Every structure is written in C-alpha cells, then in structure tokens.
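Structure below is query.cif: mmCIF, C-alpha atoms and all ligand atoms.
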data_work
loop_
_atom_site.label_atom_id
_atom_site.label_comp_id
_atom_site.auth_asym_id
_atom_site.auth_seq_id
_atom_site.Cartn_x
_atom_site.Cartn_y
_atom_site.Cartn_z
CA MET A 937 -0.40 5.65 20.65
CA LYS A 938 3.09 5.57 19.14
CA ALA A 939 3.15 6.81 15.56
CA ALA A 940 5.75 7.36 12.86
CA TYR A 941 5.95 10.03 10.16
CA SER A 942 8.70 11.27 7.87
CA PRO A 943 8.72 14.64 6.09
CA ARG A 944 10.64 12.92 3.27
CA HIS A 945 7.30 11.76 1.80
CA ALA A 946 7.03 15.24 0.27
CA ALA A 947 9.91 14.51 -2.12
CA HIS A 948 7.33 12.62 -4.22
CA GLU A 949 5.08 15.28 -5.65
CA PRO A 950 3.33 14.04 -8.79
CA ARG A 951 1.20 16.53 -10.70
CA ARG A 952 -0.61 14.20 -13.11
CA GLU A 953 -1.62 10.59 -13.54
CA LEU A 954 -3.01 8.83 -16.57
CA ALA A 955 -6.42 7.10 -16.45
CA LEU A 956 -8.63 6.02 -19.33
CA GLY A 957 -5.92 7.34 -21.63
CA ALA A 958 -6.19 10.89 -20.34
CA ALA A 959 -4.14 12.91 -17.89
CA GLU A 960 -5.85 14.02 -14.70
CA PRO A 961 -4.58 15.74 -11.56
CA ALA A 962 -2.65 13.34 -9.33
CA HIS A 963 -4.53 11.92 -6.33
CA GLU A 964 -1.63 10.57 -4.31
CA ILE A 965 -0.20 13.93 -3.22
CA PRO A 966 1.81 15.29 -0.26
CA ALA A 967 -1.27 17.08 1.16
CA ARG A 968 -2.64 13.66 2.11
CA ALA A 969 0.09 12.86 4.61
CA GLU A 970 0.10 16.41 5.94
CA ALA A 971 -3.66 16.25 6.56
CA ILE A 972 -3.27 13.07 8.58
CA ARG A 973 -0.34 14.41 10.54
CA ALA A 974 -2.24 17.60 11.40
CA ALA A 975 -5.28 15.64 12.61
CA LEU A 976 -3.15 13.40 14.83
CA ASP A 977 -1.22 16.39 16.19
CA GLU A 978 -4.46 18.14 17.00
CA ASP A 979 -5.82 15.04 18.70
CA GLY A 980 -2.89 14.99 21.11
CA GLY A 981 -3.10 11.24 21.73
CA PHE A 982 -0.16 10.35 19.49
CA GLU A 983 3.52 10.29 20.30
CA TRP A 984 5.79 10.65 17.27
CA LEU A 985 8.68 8.22 17.14
CA GLU A 986 12.03 9.14 15.65
CA VAL A 987 12.11 7.42 12.27
CA ARG A 988 15.10 5.10 11.94
CA GLU A 989 16.69 4.30 8.59
CA HIS A 990 16.65 0.56 8.00
CA GLY A 991 18.46 0.43 4.65
CA LEU A 992 17.64 -1.77 1.68
CA GLY A 993 17.94 -5.11 3.53
CA PRO A 994 14.33 -5.39 4.72
CA ILE A 995 13.08 -4.21 1.31
CA GLU A 996 15.09 -6.85 -0.52
CA ALA A 997 13.78 -9.46 1.91
CA VAL A 998 10.46 -9.34 0.02
CA HIS A 999 11.16 -7.52 -3.28
CA ASP A 1000 13.25 -8.47 -6.30
CA ALA A 1001 16.63 -6.78 -5.73
CA THR A 1002 16.83 -5.75 -9.38
CA MET A 1003 13.49 -3.95 -9.08
CA VAL A 1004 14.67 -2.21 -5.92
CA ARG A 1005 17.82 -1.01 -7.70
CA PHE A 1006 15.69 0.11 -10.64
CA VAL A 1007 13.50 2.24 -8.38
CA GLU A 1008 16.66 3.87 -7.00
CA ARG A 1009 17.97 4.88 -10.46
CA ALA A 1010 14.74 5.11 -12.49
CA TRP A 1011 14.34 8.88 -12.46
CA ARG A 1012 17.90 9.60 -13.63
CA ASP A 1013 17.70 6.98 -16.38
CA TRP A 1014 14.31 8.21 -17.57
CA GLN A 1015 15.38 11.82 -17.70
CA ARG A 1016 18.28 10.95 -19.96
CA TRP A 1017 15.85 9.84 -22.69
CA PHE A 1018 12.69 11.76 -21.81
CA PRO A 1019 13.86 15.01 -20.28
CA GLU A 1020 10.56 16.87 -20.44
CA GLY A 1021 7.77 16.39 -17.90
CA GLU A 1022 7.63 16.32 -14.13
CA GLU A 1023 6.69 12.68 -13.92
CA ALA A 1024 7.53 9.46 -15.73
CA ILE A 1025 4.51 7.44 -16.85
CA PRO A 1026 5.03 4.21 -18.82
CA TRP A 1027 3.00 3.56 -21.97
CA THR A 1028 4.24 0.20 -23.24
CA PHE A 1029 4.06 -2.79 -20.94
CA ALA A 1030 6.13 -5.96 -21.06
CA LEU A 1031 3.28 -8.46 -20.74
CA PRO A 1032 4.81 -11.96 -20.54
CA SER A 1033 2.95 -13.07 -23.69
CA LEU A 1034 4.75 -10.42 -25.77
CA ARG A 1035 7.96 -12.47 -25.73
CA GLU A 1036 6.35 -15.87 -25.18
CA GLY A 1037 8.66 -18.66 -26.31
CA MET A 1038 11.56 -16.24 -26.73
CA GLU A 1039 14.83 -15.71 -24.90
CA PRO A 1040 14.72 -14.19 -21.43
CA PHE A 1041 14.82 -10.40 -21.71
CA GLU A 1042 17.20 -8.03 -19.96
CA PRO A 1043 14.96 -5.00 -19.25
CA SER A 1044 17.81 -2.52 -18.74
CA ARG A 1045 18.57 -2.85 -22.51
CA THR A 1046 15.70 -0.49 -23.29
CA ARG A 1047 15.13 3.14 -22.43
CA HIS A 1048 11.53 2.21 -21.61
CA GLU A 1049 12.53 -0.07 -18.73
CA LEU A 1050 9.76 1.50 -16.63
CA GLY A 1051 7.24 -0.50 -18.70
CA TRP A 1052 8.86 -3.70 -17.42
CA TRP A 1053 8.59 -2.89 -13.70
CA CYS A 1054 5.39 -0.79 -13.48
CA PHE A 1055 2.00 -2.30 -14.26
CA ASP A 1056 -0.25 0.73 -14.78
CA THR A 1057 -0.38 4.26 -16.18
CA GLY A 1058 -1.84 5.68 -12.98
CA ASN A 1059 1.44 5.55 -11.11
CA PRO A 1060 3.57 8.62 -11.86
CA PHE A 1061 7.26 8.21 -11.07
CA THR A 1062 8.86 11.50 -9.97
CA ALA A 1063 12.28 12.87 -9.13
CA GLY A 1064 11.66 12.15 -5.44
CA ALA A 1065 9.71 8.91 -5.71
CA ALA A 1066 12.59 6.69 -4.61
CA GLU A 1067 13.43 8.88 -1.62
CA ALA A 1068 9.80 8.99 -0.51
CA ALA A 1069 9.31 5.26 -1.05
CA ARG A 1070 12.37 4.53 1.10
CA ALA A 1071 11.10 6.90 3.79
CA SER A 1072 7.69 5.23 3.71
CA VAL A 1073 9.31 1.85 4.39
CA ASP A 1074 11.34 3.35 7.24
CA VAL A 1075 8.13 4.75 8.73
CA ALA A 1076 6.51 1.29 8.58
CA LEU A 1077 9.56 -0.41 10.09
CA THR A 1078 9.86 2.20 12.85
CA ALA A 1079 6.22 1.63 13.83
CA ALA A 1080 6.82 -2.14 13.64
CA GLY A 1081 9.72 -1.62 16.03
CA ALA A 1082 7.32 -0.17 18.59
CA ILE A 1083 5.25 -3.37 18.40
CA LEU A 1084 8.42 -5.42 18.86
CA VAL A 1085 9.21 -3.63 22.11
CA GLY A 1086 5.75 -4.31 23.49
CA GLU A 1087 3.33 -1.61 22.31
CA ARG A 1088 -0.20 -2.92 21.87
CA ALA A 1089 -0.78 -0.68 18.86
CA ALA A 1090 1.32 1.54 16.61
CA TYR A 1091 0.66 3.57 13.50
CA GLY A 1092 2.89 4.24 10.49
CA LEU A 1093 1.86 7.26 8.43
CA CYS A 1094 3.20 5.73 5.24
CA ARG A 1095 3.26 7.73 2.03
CA PRO A 1096 3.48 6.63 -0.74
CA PRO A 1097 1.25 3.63 -0.01
CA GLY A 1098 2.51 0.10 -0.59
CA HIS A 1099 -0.11 -2.62 -0.92
CA HIS A 1100 -0.14 -2.75 -4.74
CA ALA A 1101 3.62 -3.38 -4.99
CA ALA A 1102 4.35 -7.07 -5.58
CA ARG A 1103 7.70 -8.88 -5.45
CA ALA A 1104 8.91 -7.77 -8.87
CA VAL A 1105 6.41 -5.19 -10.10
CA PHE A 1106 4.97 -1.95 -8.75
CA GLY A 1107 1.97 0.27 -9.51
CA GLY A 1108 -1.18 1.79 -8.06
CA PHE A 1109 0.67 4.71 -6.41
CA CYS A 1110 2.92 2.16 -4.66
CA PHE A 1111 6.64 1.38 -5.06
CA PHE A 1112 7.62 -0.76 -2.08
CA ASN A 1113 5.15 -2.85 -0.09
CA ASN A 1114 5.40 -1.21 3.32
CA ALA A 1115 3.06 -3.67 5.06
CA GLY A 1116 4.66 -6.74 3.48
CA ILE A 1117 8.12 -5.51 4.40
CA ALA A 1118 6.98 -4.81 7.97
CA ALA A 1119 5.32 -8.24 8.26
CA GLN A 1120 8.49 -9.99 7.12
CA HIS A 1121 10.52 -7.84 9.53
CA LEU A 1122 8.26 -8.93 12.41
CA LEU A 1123 8.73 -12.58 11.45
CA ASP A 1124 12.49 -12.12 11.16
CA ALA A 1125 12.46 -10.60 14.66
CA GLY A 1126 10.87 -13.74 16.08
CA ALA A 1127 7.10 -13.67 15.46
CA SER A 1128 5.95 -17.07 14.24
CA ARG A 1129 2.73 -16.04 12.48
CA VAL A 1130 1.57 -12.63 11.25
CA ALA A 1131 -1.88 -11.82 9.85
CA LEU A 1132 -2.60 -8.86 7.59
CA LEU A 1133 -6.09 -7.48 7.21
CA ASP A 1134 -6.19 -4.91 4.40
CA VAL A 1135 -9.20 -2.61 4.68
CA ASP A 1136 -8.30 -0.22 1.84
CA TYR A 1137 -10.99 0.20 -0.82
CA HIS A 1138 -8.68 -1.47 -3.36
CA HIS A 1139 -7.48 -5.06 -3.28
CA GLY A 1140 -4.02 -5.42 -1.72
CA ASN A 1141 -2.68 -7.41 -4.66
CA GLY A 1142 0.98 -6.88 -3.85
CA THR A 1143 0.71 -8.13 -0.29
CA GLN A 1144 -1.32 -11.12 -1.46
CA GLN A 1145 1.29 -11.99 -4.09
CA LEU A 1146 4.24 -11.68 -1.70
CA PHE A 1147 2.84 -14.24 0.72
CA TYR A 1148 0.61 -16.36 -1.53
CA GLY A 1149 2.58 -19.57 -0.95
CA ARG A 1150 3.43 -18.91 2.67
CA ALA A 1151 2.02 -20.72 5.69
CA ASP A 1152 3.38 -18.21 8.22
CA VAL A 1153 1.54 -15.16 6.86
CA LEU A 1154 -2.21 -14.87 6.46
CA THR A 1155 -3.37 -12.17 4.07
CA ALA A 1156 -6.97 -10.98 4.10
CA SER A 1157 -8.42 -8.07 2.12
CA VAL A 1158 -11.86 -6.44 2.07
CA HIS A 1159 -12.25 -4.33 -1.06
CA ALA A 1160 -14.22 -3.28 -4.11
CA ASP A 1161 -14.92 -6.19 -6.45
CA PRO A 1162 -12.12 -6.28 -9.04
CA VAL A 1163 -14.61 -6.89 -11.84
CA ARG A 1164 -15.23 -3.13 -11.67
CA GLU A 1165 -12.24 -1.74 -9.82
CA PHE A 1166 -8.47 -1.51 -9.83
CA PRO A 1167 -6.34 -3.68 -9.74
CA TYR A 1168 -8.82 -5.64 -11.94
CA PHE A 1169 -6.79 -8.87 -12.21
CA THR A 1170 -6.62 -9.92 -8.56
CA GLY A 1171 -8.84 -9.79 -5.51
CA PHE A 1172 -11.43 -12.43 -6.39
CA ALA A 1173 -12.92 -14.62 -3.70
CA ASP A 1174 -11.53 -17.83 -5.20
CA GLU A 1175 -7.92 -16.76 -4.60
CA VAL A 1176 -7.09 -18.75 -1.46
CA GLY A 1177 -3.32 -19.27 -1.58
CA THR A 1178 -1.19 -22.01 -3.04
CA GLY A 1179 1.01 -24.91 -1.83
CA ALA A 1180 1.93 -24.48 1.83
CA GLY A 1181 -0.02 -21.21 1.74
CA ARG A 1182 -3.28 -22.80 0.65
CA GLY A 1183 -6.02 -21.40 2.88
CA THR A 1184 -3.91 -18.45 4.03
CA ASN A 1185 -5.40 -15.87 1.66
CA LEU A 1186 -8.87 -14.42 1.99
CA ASN A 1187 -10.55 -11.96 -0.36
CA VAL A 1188 -13.88 -10.29 0.37
CA PRO A 1189 -14.96 -8.38 -2.76
CA LEU A 1190 -17.84 -5.96 -2.20
CA PRO A 1191 -20.38 -4.33 -4.52
CA ALA A 1192 -20.71 -0.61 -5.16
CA GLY A 1193 -22.71 1.35 -2.60
CA VAL A 1194 -22.05 -0.69 0.53
CA GLY A 1195 -22.81 1.30 3.67
CA ASP A 1196 -21.35 1.30 7.17
CA ASP A 1197 -23.07 -1.87 8.37
CA GLU A 1198 -22.27 -3.98 5.31
CA PHE A 1199 -18.67 -2.81 5.20
CA LEU A 1200 -18.10 -3.40 8.91
CA ALA A 1201 -19.84 -6.80 8.75
CA ALA A 1202 -17.40 -7.80 6.00
CA VAL A 1203 -14.47 -6.67 8.15
CA GLU A 1204 -15.86 -8.55 11.13
CA SER A 1205 -16.28 -11.76 9.16
CA ALA A 1206 -12.73 -11.45 7.86
CA LEU A 1207 -11.47 -10.93 11.42
CA GLU A 1208 -13.28 -14.08 12.52
CA ARG A 1209 -11.42 -16.01 9.83
CA LEU A 1210 -8.09 -14.95 11.32
CA ALA A 1211 -8.66 -16.70 14.66
CA PRO A 1212 -7.92 -20.33 13.62
CA PHE A 1213 -4.60 -19.14 12.15
CA ALA A 1214 -3.60 -17.96 15.65
CA PRO A 1215 -1.53 -14.96 14.58
CA GLU A 1216 0.79 -13.31 17.08
CA ILE A 1217 0.60 -9.89 15.45
CA LEU A 1218 -2.02 -8.15 13.32
CA VAL A 1219 -0.93 -5.76 10.56
CA VAL A 1220 -3.63 -3.52 9.12
CA PRO A 1221 -2.99 -1.80 5.79
CA LEU A 1222 -5.49 1.01 6.36
CA GLY A 1223 -7.07 2.88 3.49
CA VAL A 1224 -9.97 5.22 4.12
CA ASP A 1225 -10.83 5.45 0.42
CA THR A 1226 -13.86 3.38 1.48
CA PHE A 1227 -15.32 6.77 2.56
CA ARG A 1228 -18.40 7.87 0.61
CA GLY A 1229 -16.74 11.15 -0.32
CA ASP A 1230 -13.63 9.58 -1.77
CA PRO A 1231 -12.93 10.54 -5.39
CA LEU A 1232 -11.62 7.04 -6.21
CA GLY A 1233 -14.23 4.93 -4.42
CA ASP A 1234 -17.90 4.00 -4.79
CA PHE A 1235 -18.75 2.78 -1.28
CA ASP A 1236 -21.31 4.59 0.87
CA VAL A 1237 -19.35 4.42 4.12
CA GLY A 1238 -19.82 7.43 6.40
CA ARG A 1239 -17.59 9.23 8.89
CA GLU A 1240 -19.07 7.35 11.85
CA ALA A 1241 -17.90 3.99 10.52
CA TYR A 1242 -14.22 4.67 11.19
CA HIS A 1243 -14.37 4.72 14.96
CA ARG A 1244 -16.39 1.50 14.82
CA LEU A 1245 -13.72 0.02 12.54
CA GLY A 1246 -11.06 0.87 15.11
CA ARG A 1247 -13.09 -0.73 17.89
CA LEU A 1248 -13.49 -3.90 15.81
CA LEU A 1249 -9.72 -4.06 15.37
CA ALA A 1250 -9.19 -3.53 19.10
CA GLY A 1251 -11.55 -6.42 19.78
CA VAL A 1252 -9.09 -8.85 18.19
CA GLY A 1253 -6.85 -8.32 21.20
CA LEU A 1254 -3.55 -8.68 19.34
CA PRO A 1255 -0.61 -6.29 19.06
CA THR A 1256 -1.71 -4.28 16.04
CA LEU A 1257 0.38 -2.36 13.53
CA VAL A 1258 -1.67 0.03 11.39
CA LEU A 1259 0.00 1.30 8.21
CA GLN A 1260 -1.45 3.98 5.98
CA GLU A 1261 -2.53 3.06 2.46
CA GLY A 1262 -5.13 5.07 0.50
CA GLY A 1263 -7.70 7.77 1.18
CA TYR A 1264 -8.05 10.68 -1.25
CA ALA A 1265 -10.83 12.85 0.18
CA VAL A 1266 -8.18 15.12 1.67
CA ALA A 1267 -10.61 17.30 3.65
CA GLU A 1268 -11.93 14.34 5.68
CA LEU A 1269 -8.85 12.12 5.49
CA GLY A 1270 -7.30 13.20 8.78
CA ALA A 1271 -10.47 12.79 10.81
CA ASN A 1272 -11.24 9.39 9.29
CA VAL A 1273 -7.78 8.01 10.07
CA ARG A 1274 -7.78 9.59 13.55
CA ASP A 1275 -11.11 7.98 14.35
CA VAL A 1276 -9.89 4.49 13.40
CA LEU A 1277 -6.86 4.94 15.63
CA ARG A 1278 -8.91 6.38 18.51
CA GLY A 1279 -11.22 3.37 18.29
CA LEU A 1280 -8.25 1.02 18.26
CA ASP A 1281 -6.82 2.86 21.26
CA GLY A 1282 -10.07 2.47 23.23
CA ARG A 1283 -10.73 6.21 23.25
C1 LIG B 1 -4.07 3.04 -4.43
B1 LIG B 1 -4.52 2.61 -3.05
C2 LIG B 1 -8.12 7.09 -10.98
C3 LIG B 1 -7.43 5.76 -11.24
C4 LIG B 1 -6.81 5.21 -9.99
C5 LIG B 1 -5.20 3.50 -9.22
C6 LIG B 1 -5.76 3.45 -7.85
C7 LIG B 1 -4.69 3.12 -6.86
C8 LIG B 1 -5.16 3.17 -5.44
N1 LIG B 1 -8.61 7.70 -12.14
N2 LIG B 1 -6.07 4.03 -10.24
O1 LIG B 1 -5.07 1.33 -3.00
O2 LIG B 1 -5.42 3.54 -2.42
ZN ZN B 2 -6.98 2.27 -2.21
#

Go ahead and express the file in the form of structure tokens.
Amino acid sequence: MKAAYSPRHAAHEPRRELALGAAEPAHEIPARAEAIRAALDEDGGFEWLEVREHGLGPIEAVHDATMVRFVERAWRDWQRWFPEGEEAIPWTFALPSLREGMEPFEPSRTRHELGWWCFDTGNPFTAGAAEAARASVDVALTAAGAILVGERAAYGLCRPPGHHAARAVFGGFCFFNNAGIAAQHLLDAGASRVALLDVDYHHGNGTQQLFYGRADVLTASVHADPVREFPYFTGFADEVGTGAGRGTNLNVPLPAGVGDDEFLAAVESALERLAPFAPEILVVPLGVDTFRGDPLGDFDVGREAYHRLGRLLAGVGLPTLVLQEGGYAVAELGANVRDVLRGLDGR
C-alpha cells in the first residue's frame, strides 16, 4: 500500500497540556508518528511516497484564511508577550455571548488572540506547530494524490491530527483538518461525492462542521458519547446536517466499555448508511484511541479488532484514503494501525 510520512511532524513537540485546570504531560507527541512509521517499515508492505508541498491553497479551500494566517504567525506573536514556556496554551476564550449585541471584534487587537481561534486548553501551540500542521496536510494530500491516480487504498501518516479543526477554530491537538482538506481536494479533482467515516474515539467535530450544509460530502463518525467525552458540544445522534446537507451527517455515540463486537457493529452499521449516498471515494479518519489500553479512551476494544476493522473497510469496495488521527497508547499504536491497513489491503 502507498503511504505518506513527513519527518517535519517532529517540529511540534509539546511537553504539557492543560486538563481539568492542571498541567499534565502532553499526549500528542512525536513518538506517536515514529511508532507508526517503524511498524509499517517493519511490516514491509508499505511503499513511502515522496511528500509534495501543496501550499496554502487547499487549506484555505476549507478553513478561514485569517485563521490559517494566524496559525502561521501565532508562535512569534505569542512569544512577544509571553516569552516563557515551551508551549502556548490559551486561558480566556472568546465565546460569542461575551460580546453579544456588540460591534464585531478584530481578534488581532489583543495579545491573547489565541483564545479567539483555539477552543480548548488541551491543545498546546509550540514553536513548530505551524510547520508540523502544514506537513500533516501535505501528507494527507500526497496520499490523496495516490487515490487520484488509481490506487485502491492509500495511507497518510498525519501528525498532528486534524478532525477537531473546524472552518474558523482549532483545538483537540488539531490545527488544520487534514481529512476535510483531502476530501475537498478530491472533489476539486473531479470526484462528485466523497464519504468520510471517522472511527477515532473522539467525535470528528471539525469535519462535521466543515461539510454540515453540503450535499456532496457525507460525514459519519463513530465515537464516545459527547455527554462524557471531548469535544462535549458536538457528536450527538440528532445532528444530521442542515439545508442541502440534511441527511448527510451521521453520528453514532457509544457508551463506555464497548468491546470489539459492539464497536465493529457500530462501524458496520455506519458503513451501511453510506451506500445510498453512492460515494466515489471513502476517506477514513483513523484513530486507534478506541483501544482498551489508550490513556484517553474508555472503550474495551482489543488488539484483534483492528484487523477486522480493516477488513470491514475493504468490504465497502471503494477507493479508500486512510488518514491518521488519534491513538495514544504508544507501545501498541504501531501494531494497531498496521493491522487496520493490513486488513484493508486484504493481507
Ligand atoms: C484528539 B483526537 C486529556 C484531555 C484530552 C483532548 C482530546 C483530543 C483528542 N486529559 N482532551 O481525537 O485523538
Ligand atoms: Zn481521538
């Protein structure tokens, strides 16, 4: 299988993140991508593509251009006012109700502009975040390019992940929505309908938001119920899309403790819901934080489930672009991802 990886992910090396008001060691770390790369190298069934730079155009096709420019300059700006610390973490957030009924606000007026564009405290912004986020998009687009030239499956080893980044806000370890950008790129290259099935443990709120009113993109996500889990404010089953996109969003929230069979049954039922949409390409934001040993998850999914997951995806019979999202049990991360891809590859 063709796969894409960029060493530039390592430019983003957060040490800490903030959760429940306290600092804890960062989870979204360079060792994650290196573990996956090592497992795929060892497997031998993956051919690494040369990652091509695609520039800001495809990013600005789905994201607010002002947010994209902010990401590019955020570290320098932040350091001017807050020079100490290895990562920037916002602590005051520009909720719309704060200025309700007031003039529109120009966020670059304040030195705390990060609190306008980032929605959580768990998303450290580092000196190399922008470089890594750009590289992650290029990895996704390079893998998408393999699909466009006829590959049945391709994998983008994206880091940082992307599915929590919405049009004009980022968070949840994500800066740019790799899968959303890739899906739009596939449409712009001639695909008429693209379906995304997000199997990360967390709801893919950003991807949902990007395409919520769109009839040409179906977004489906199987994830931990947001009543108990991040991102808390999206991912409920009654979110079905709006306007022309009504019926093109599917959420399958799951309870704590689901095992292999329940998780895979949820994936299977979501896949069945894709068929009437008749997509030409399937994009799979793949998180393996569903694993029972994951420090961020509460599912009871075992190692053996991942090969089965890959086989389920293969059964759809569509060109399939798999893009890495979460997975924080670093010791098992490589094997879990490899098994999904082996299953998808019919091995
Ligand atoms: C990103 B992806 C841990 C809090 C974690 C954010 C989780 C983001 C997950 N104390 N909060 O979907 O894997
Ligand atoms: Zn996740």

Pick from A:Asp1074, A:Glu1208, A:Glu1087, A:Asp1134 nearest to Lys938 (chain A), counting all atoms listed in the file: A:Glu1087

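Taking CA of His1099 (chain A) and atom C7 of ligand LIG 1 (chain B) as endpoints, the distance between them is 9.4 Å.
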
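Taking CA of Val1073 (chain A) and CA of Pro1026 (chain A) as endpoints, the distance between them is 23.7 Å.
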
Protein and nucleic residues near ligand ZN 2 (chain B), 7 Å, all atoms listed in the file, as an MDAnalysis selection string: chainID A and resid 1136:1138 1223 1225 1261:1263

Close residues to ligand LIG 1 (chain B) using all atoms listed in the file, limit 10 Å, as number ranges by chain: A: 953-964, 1056-1059, 1096-1100, 1107-1110, 1134-1141, 1159, 1165-1167, 1221-1226, 1231-1233, 1260-1264

Local residues around (8.3, -3.1, -13.0), at most 8 Å away, using all atoms listed in the file, as a PyMOL selection string: chain A and resi 1003+1049-1055+1104-1107

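Each of A:Pro1215, A:Trp1011, A:Ala1173, A:Gly1246 was compared to Leu1123 (chain A) using only C-alpha atoms, and A:Pro1215 turns out to be the nearest.
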
For Glu996 (chain A), the nearest of the candidates A:Asn1114, A:Arg944, A:Ala1080, A:Asp979, counting all atoms listed in the file: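 Once distances to Glu996 (chain A) are computed over all atoms listed in the file, the minimum belongs to A:Asn1114.
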
Which residues are near region 1184-1196 of chain A? Cut-off 6 Å, all atoms listed in the file, ignore same chain within fewer than 5 positions. Put them as a PDB file with C-alpha atoms, keeping the file's coordinate frame.
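Just written: out.pdb:
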ATOM      1  CA  LEU A1154      -2.210 -14.870   6.460  1.00  0.00           C
ATOM      2  CA  THR A1155      -3.370 -12.170   4.070  1.00  0.00           C
ATOM      3  CA  ALA A1156      -6.970 -10.980   4.100  1.00  0.00           C
ATOM      4  CA  SER A1157      -8.420  -8.070   2.120  1.00  0.00           C
ATOM      5  CA  VAL A1158     -11.860  -6.440   2.070  1.00  0.00           C
ATOM      6  CA  HIS A1159     -12.250  -4.330  -1.060  1.00  0.00           C
ATOM      7  CA  ALA A1160     -14.220  -3.280  -4.110  1.00  0.00           C
ATOM      8  CA  ASP A1161     -14.920  -6.190  -6.450  1.00  0.00           C
ATOM      9  CA  GLY A1171      -8.840  -9.790  -5.510  1.00  0.00           C
ATOM     10  CA  ALA A1173     -12.920 -14.620  -3.700  1.00  0.00           C
ATOM     11  CA  VAL A1176      -7.090 -18.750  -1.460  1.00  0.00           C
ATOM     12  CA  GLY A1177      -3.320 -19.270  -1.580  1.00  0.00           C
ATOM     13  CA  ASP A1234     -17.900   4.000  -4.790  1.00  0.00           C
ATOM     14  CA  PHE A1235     -18.750   2.780  -1.280  1.00  0.00           C
ATOM     15  CA  ASP A1236     -21.310   4.590   0.870  1.00  0.00           C
ATOM     16  CA  VAL A1237     -19.350   4.420   4.120  1.00  0.00           C
ATOM     17  CA  ALA A1241     -17.900   3.990  10.520  1.00  0.00           C
TER      18      ALA A1241
END

Contact residues around His1048 (chain A) with all atoms listed in the file at 10 Å, ignoring same-chain residues under 5 positions, as a PyMOL selection string: chain A and resi 1013-1014+1017-1018+1025-1030+1043+1053

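Note that the spacing between CA of Gly1282 (chain A) and CA of Met937 (chain A) amounts to 10.5 Å.
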
For Tyr1242 (chain A): contacts at 10 Å, all atoms listed in the file, fewer than 3 positions along chain excluded, given as a ChimeraX atom specification: /A:1196,1200,1224,1226-1227,1237-1239,1245-1248,1271-1280

Distance criterion (only C-alpha atoms): nearest to Gly981 (chain A) out of A:Leu1218, A:Arg1283, A:Gly1253, A:Gly1183: A:Arg1283

Ala1066 (chain A) surroundings by only C-alpha atoms, 7 Å radius, close-in-sequence under 3 positions cut, as a PyMOL selection string: chain A and resi 1007-1008+1069-1070

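Remark: for Phe1061 (chain A), the closest of the candidate residues A:Gln1015, A:Ser1044, A:Ser1033, A:Thr1143 is A:Gln1015 (distances computed over all atoms listed in the file).
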
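The shortest atom-to-atom distance to Trp984 (chain A), with only C-alpha atoms taken into account, belongs to A:Ala1090 out of A:Glu1042, A:Ile965, A:Ala1090, A:Ile1083.
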
Sel. within 7 Å of pt (14.2, -11.2, 6.5), counting all atoms listed in the file, output as number ranges by chain: A: 994, 997, 1120-1121, 1124

Return the padded bounding box of region 1047-1059 of chain A as JSON: axis-aligned, built from all atoms listed in the file, 6 Å added on each side, with centre and edge lengths in Å to one decimal.
{"center_x": 6.6, "center_y": 1.0, "center_z": -16.8, "size_x": 29.0, "size_y": 21.4, "size_z": 23.3}
